[in-house]
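All remarks here apply to the structure that follows.
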Amino acid sequence: MKNRLCFLIGLVGLLSLAQDKKASHTYLDFNYFGSNIALHNKEILHLITDRPEGFIFSWNKKTFGEKSWQQRYNYPDYGASLLFQDLKNENLGRIYGLYAHYNFYLFKRNVTLRVAQGLVYNTNPYDKFTNPKNIAFGSDILSSTLLMLNYKKERLFNRFGLQAGVTFVHYSNASVKAPNTSVNTIGLNVGVTYNLETDEPERIANLKDETFTERIKFNVAFRSGINESDVIGSGQFPFYILSAYADKRLSHFSALQFGTDVFFSTFLKELIYYRSVSFPELEVSGDEDYRRVGVFVGHELFVNKLSVITQLGYYVYYPYDFEGRTYIRVGLKRYFGNRWFGALTLKSHAAKAEAVELGIGVRL
């Protein structure tokens with residue numbers, strides 16, 4: 001009851017932010033969704049006992065083309081969302097989440113794609129004494145990605161509108177603490193929208209067709225964080241990553257990347273030692289180097305001062321076999337001026353997360 005009261009207070013606070021004497025061109029939406037837990041890992045089969053359900057309450061601010069990026073992306077919305085989801089299993093518990101999001105419009109603005117990233121609180125994480133069955137969540141604070149694809153019609157009844165579509169939600173702590181098999185839910189949603197203003201200004205459409213390219217630029221980045229191997233109780237250890245890469249800006253939207261990473265993943269030192277003394281059949285000597293070196297190619301998608309990066313890498317120095325020689329990095333960058341940037345990224349091997357990385361860098 002206390003958790004739900006706090007959540008309702010948050011809803012009221014979000015509503016108060018939306019009440020502005022000046023025209024803010026904002027709208028609210030409320031969505032109910034029912035879903036299924038995707039069986040991406042057979043180890044969580046015992047946690048799938050019913051169909052989760054929940055709701056998402058959102059504040060959205062419209063754009064009208066005052067800045068060029070808004071016109072290039074067909075006048076998207078941006079805002080914040082509050083989520084509640086009951087996972088319908090006493091071991092998994094319930095989820096309370098806060099997200100930042102963009103809504104992108106498609107098909108003559110009848111279809112919206114919401115892309116959201118945030119943090120959530122899980123009410124019943126793994127505990128070796130009180131909740132040993134929850135191998136999905138090793139911690140109560142998790143990162144989460146939310147995607148919603150909706151067919152939407154605004155102002156059907158005065159300021160009210162309707163929307164319906166498909167919702168995907170991913171919960172994981174990115175191996176910050178074991179266990180972490182994570183949970184994905186996929187389902188259907190239906191909701192109502194409410195515009196806070198009676199009318200809207202005309203959208204600005206003065207963008208000129210122009211090509212945009214830059215010469216090749218060089219980047220240096222440093223990333224760090226903590227993580228833990230899949231061995232529960234093995235401990236959290238820091239990691240350090242040095243990256244150097246070149247990028248070529250192709251347009252206002254995208255750039256290509258090519259570079260190298262050097263990984264100092266100290267959790268591997270503990271894992272190598274543990275396997276050398278506990279599993280002699282694995283033929284691990286304990287002297288294997290925990291460091292790795294990879295090369296990668298990548299793409300960067302620019303949205304205002306933010307960008308979305310996707311990279312595919314291959315270890316060229318790989319003295320100890322851990323989850324295969326290929327790796328993936330996805331995440332967000334935020335530029336501060338023309339040179340400096342911060343980054344929040346997830347590194348994984350296929351669908352298995354290794355670490356969430358917090359980084360800083362410079363574009364020379």
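In the structure tokens, each chain is lettered A, B, ... as it comes, each chain's residues begin at 1, and ligands are numbered from 1 in order of appearance.
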* **segment 32-239 of chain A: residues DSSP assigns to alpha helix (DSSP H), reported as a list in words** => Ser68, Trp69, Gln70, Gln71 and Arg72 of chain A
* Asked: Neighbours of Phe322 of chain A within 12 Å (only C-alpha atoms; same-chain residues fewer than 4 positions away dropped), as a list of chain:residue names?
  ->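 Residues near the query, excluding close chain neighbours: A:Ser229, A:Asp230, A:Ser265, A:Phe267, A:Leu268, A:Lys269, A:Leu271, A:Ile272, A:Arg275, A:Glu288, A:Asp289, A:Tyr290, A:Arg291, A:Arg292, A:Tyr315, A:Tyr318, A:Thr326, A:Tyr327, A:Ser348, A:His349, A:Lys352, A:Glu354.
Taking only C-alpha atoms into account, Gly324 of chain A lies nearest to A:Ala350 out of the set A:Ala350, A:Leu301, A:Leu47, A:Thr185.
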* If we count only C-alpha atoms, what is near Gln163 of chain A at a cut-off of 10 Å, once residues fewer than 6 positions away on the same chain are taken out, given as an NGL selection string? -> :A and (29-31 or 110-112 or 149-154 or 189-193)
Could you save those same residues with N, CA, C and O atoms as a PDB file, in the first residue's frame?
```pdb
ATOM      1  N   ASP A  29      -1.213  10.763 -21.518  1.00  0.00           N
ATOM      2  CA  ASP A  29      -1.846   9.517 -21.959  1.00  0.00           C
ATOM      3  C   ASP A  29      -1.746   8.464 -20.876  1.00  0.00           C
ATOM      4  O   ASP A  29      -0.798   8.449 -20.085  1.00  0.00           O
ATOM      5  N   PHE A  30      -2.743   7.628 -20.845  1.00  0.00           N
ATOM      6  CA  PHE A  30      -2.823   6.537 -19.872  1.00  0.00           C
ATOM      7  C   PHE A  30      -3.113   5.260 -20.642  1.00  0.00           C
ATOM      8  O   PHE A  30      -4.078   5.193 -21.407  1.00  0.00           O
ATOM      9  N   ASN A  31      -2.276   4.244 -20.449  1.00  0.00           N
ATOM     10  CA  ASN A  31      -2.407   2.974 -21.175  1.00  0.00           C
ATOM     11  C   ASN A  31      -2.451   1.807 -20.203  1.00  0.00           C
ATOM     12  O   ASN A  31      -1.610   1.706 -19.290  1.00  0.00           O
ATOM     13  N   ASN A 110      -0.454   8.909 -37.982  1.00  0.00           N
ATOM     14  CA  ASN A 110      -1.457   8.033 -37.389  1.00  0.00           C
ATOM     15  C   ASN A 110      -0.842   6.963 -36.489  1.00  0.00           C
ATOM     16  O   ASN A 110      -1.527   6.394 -35.638  1.00  0.00           O
ATOM     17  N   VAL A 111       0.438   6.659 -36.685  1.00  0.00           N
ATOM     18  CA  VAL A 111       1.133   5.619 -35.926  1.00  0.00           C
ATOM     19  C   VAL A 111       2.289   6.265 -35.171  1.00  0.00           C
ATOM     20  O   VAL A 111       3.026   7.095 -35.723  1.00  0.00           O
ATOM     21  N   THR A 112       2.445   5.902 -33.908  1.00  0.00           N
ATOM     22  CA  THR A 112       3.548   6.411 -33.097  1.00  0.00           C
ATOM     23  C   THR A 112       4.414   5.257 -32.606  1.00  0.00           C
ATOM     24  O   THR A 112       3.904   4.188 -32.251  1.00  0.00           O
ATOM     25  N   LEU A 149       4.288   0.626 -29.927  1.00  0.00           N
ATOM     26  CA  LEU A 149       3.854   0.941 -31.288  1.00  0.00           C
ATOM     27  C   LEU A 149       2.338   1.078 -31.256  1.00  0.00           C
ATOM     28  O   LEU A 149       1.630   0.097 -31.025  1.00  0.00           O
ATOM     29  N   ASN A 150       1.847   2.314 -31.467  1.00  0.00           N
ATOM     30  CA  ASN A 150       0.423   2.596 -31.294  1.00  0.00           C
ATOM     31  C   ASN A 150      -0.206   3.174 -32.556  1.00  0.00           C
ATOM     32  O   ASN A 150       0.435   3.942 -33.288  1.00  0.00           O
ATOM     33  N   TYR A 151      -1.451   2.826 -32.793  1.00  0.00           N
ATOM     34  CA  TYR A 151      -2.304   3.567 -33.720  1.00  0.00           C
ATOM     35  C   TYR A 151      -3.072   4.565 -32.866  1.00  0.00           C
ATOM     36  O   TYR A 151      -3.745   4.187 -31.906  1.00  0.00           O
ATOM     37  N   LYS A 152      -2.954   5.862 -33.217  1.00  0.00           N
ATOM     38  CA  LYS A 152      -3.473   6.903 -32.331  1.00  0.00           C
ATOM     39  C   LYS A 152      -4.352   7.896 -33.086  1.00  0.00           C
ATOM     40  O   LYS A 152      -4.024   8.299 -34.210  1.00  0.00           O
ATOM     41  N   LYS A 153      -5.446   8.276 -32.466  1.00  0.00           N
ATOM     42  CA  LYS A 153      -6.307   9.332 -32.965  1.00  0.00           C
ATOM     43  C   LYS A 153      -6.570  10.314 -31.820  1.00  0.00           C
ATOM     44  O   LYS A 153      -7.194   9.957 -30.806  1.00  0.00           O
ATOM     45  N   GLU A 154      -6.074  11.545 -31.973  1.00  0.00           N
ATOM     46  CA  GLU A 154      -6.274  12.558 -30.950  1.00  0.00           C
ATOM     47  C   GLU A 154      -7.568  13.331 -31.197  1.00  0.00           C
ATOM     48  O   GLU A 154      -8.089  13.378 -32.313  1.00  0.00           O
ATOM     49  N   ASN A 189      -1.782  -3.157 -25.664  1.00  0.00           N
ATOM     50  CA  ASN A 189      -2.194  -2.051 -24.807  1.00  0.00           C
ATOM     51  C   ASN A 189      -3.332  -1.275 -25.447  1.00  0.00           C
ATOM     52  O   ASN A 189      -3.497  -1.257 -26.669  1.00  0.00           O
ATOM     53  N   VAL A 190      -4.102  -0.618 -24.610  1.00  0.00           N
ATOM     54  CA  VAL A 190      -5.149   0.289 -25.061  1.00  0.00           C
ATOM     55  C   VAL A 190      -5.141   1.478 -24.117  1.00  0.00           C
ATOM     56  O   VAL A 190      -4.906   1.331 -22.903  1.00  0.00           O
ATOM     57  N   GLY A 191      -5.359   2.686 -24.655  1.00  0.00           N
ATOM     58  CA  GLY A 191      -5.242   3.854 -23.804  1.00  0.00           C
ATOM     59  C   GLY A 191      -6.017   5.048 -24.299  1.00  0.00           C
ATOM     60  O   GLY A 191      -6.618   5.047 -25.375  1.00  0.00           O
ATOM     61  N   VAL A 192      -5.989   6.094 -23.476  1.00  0.00           N
ATOM     62  CA  VAL A 192      -6.674   7.345 -23.765  1.00  0.00           C
ATOM     63  C   VAL A 192      -5.654   8.476 -23.697  1.00  0.00           C
ATOM     64  O   VAL A 192      -4.709   8.428 -22.905  1.00  0.00           O
ATOM     65  N   THR A 193      -5.837   9.502 -24.549  1.00  0.00           N
ATOM     66  CA  THR A 193      -4.983  10.684 -24.533  1.00  0.00           C
ATOM     67  C   THR A 193      -5.829  11.904 -24.180  1.00  0.00           C
ATOM     68  O   THR A 193      -7.038  11.948 -24.448  1.00  0.00           O
TER      69      THR A 193
END
```
* Where in segment 130-241 of chain A does DSSP assign strand (DSSP E), given as a VMD selection string? -> chain A and resid 141 to 157 160 to 172 183 to 195 217 to 227 237 to 241
* Option closest in space to Leu306 of chain A, from A:Pro280, A:Ile226, A:Tyr102, A:Ile328 [counting only C-alpha atoms] ->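 Comparing A:Pro280, A:Ile226, A:Tyr102, A:Ile328 against Leu306 of chain A, the winner is A:Tyr102.
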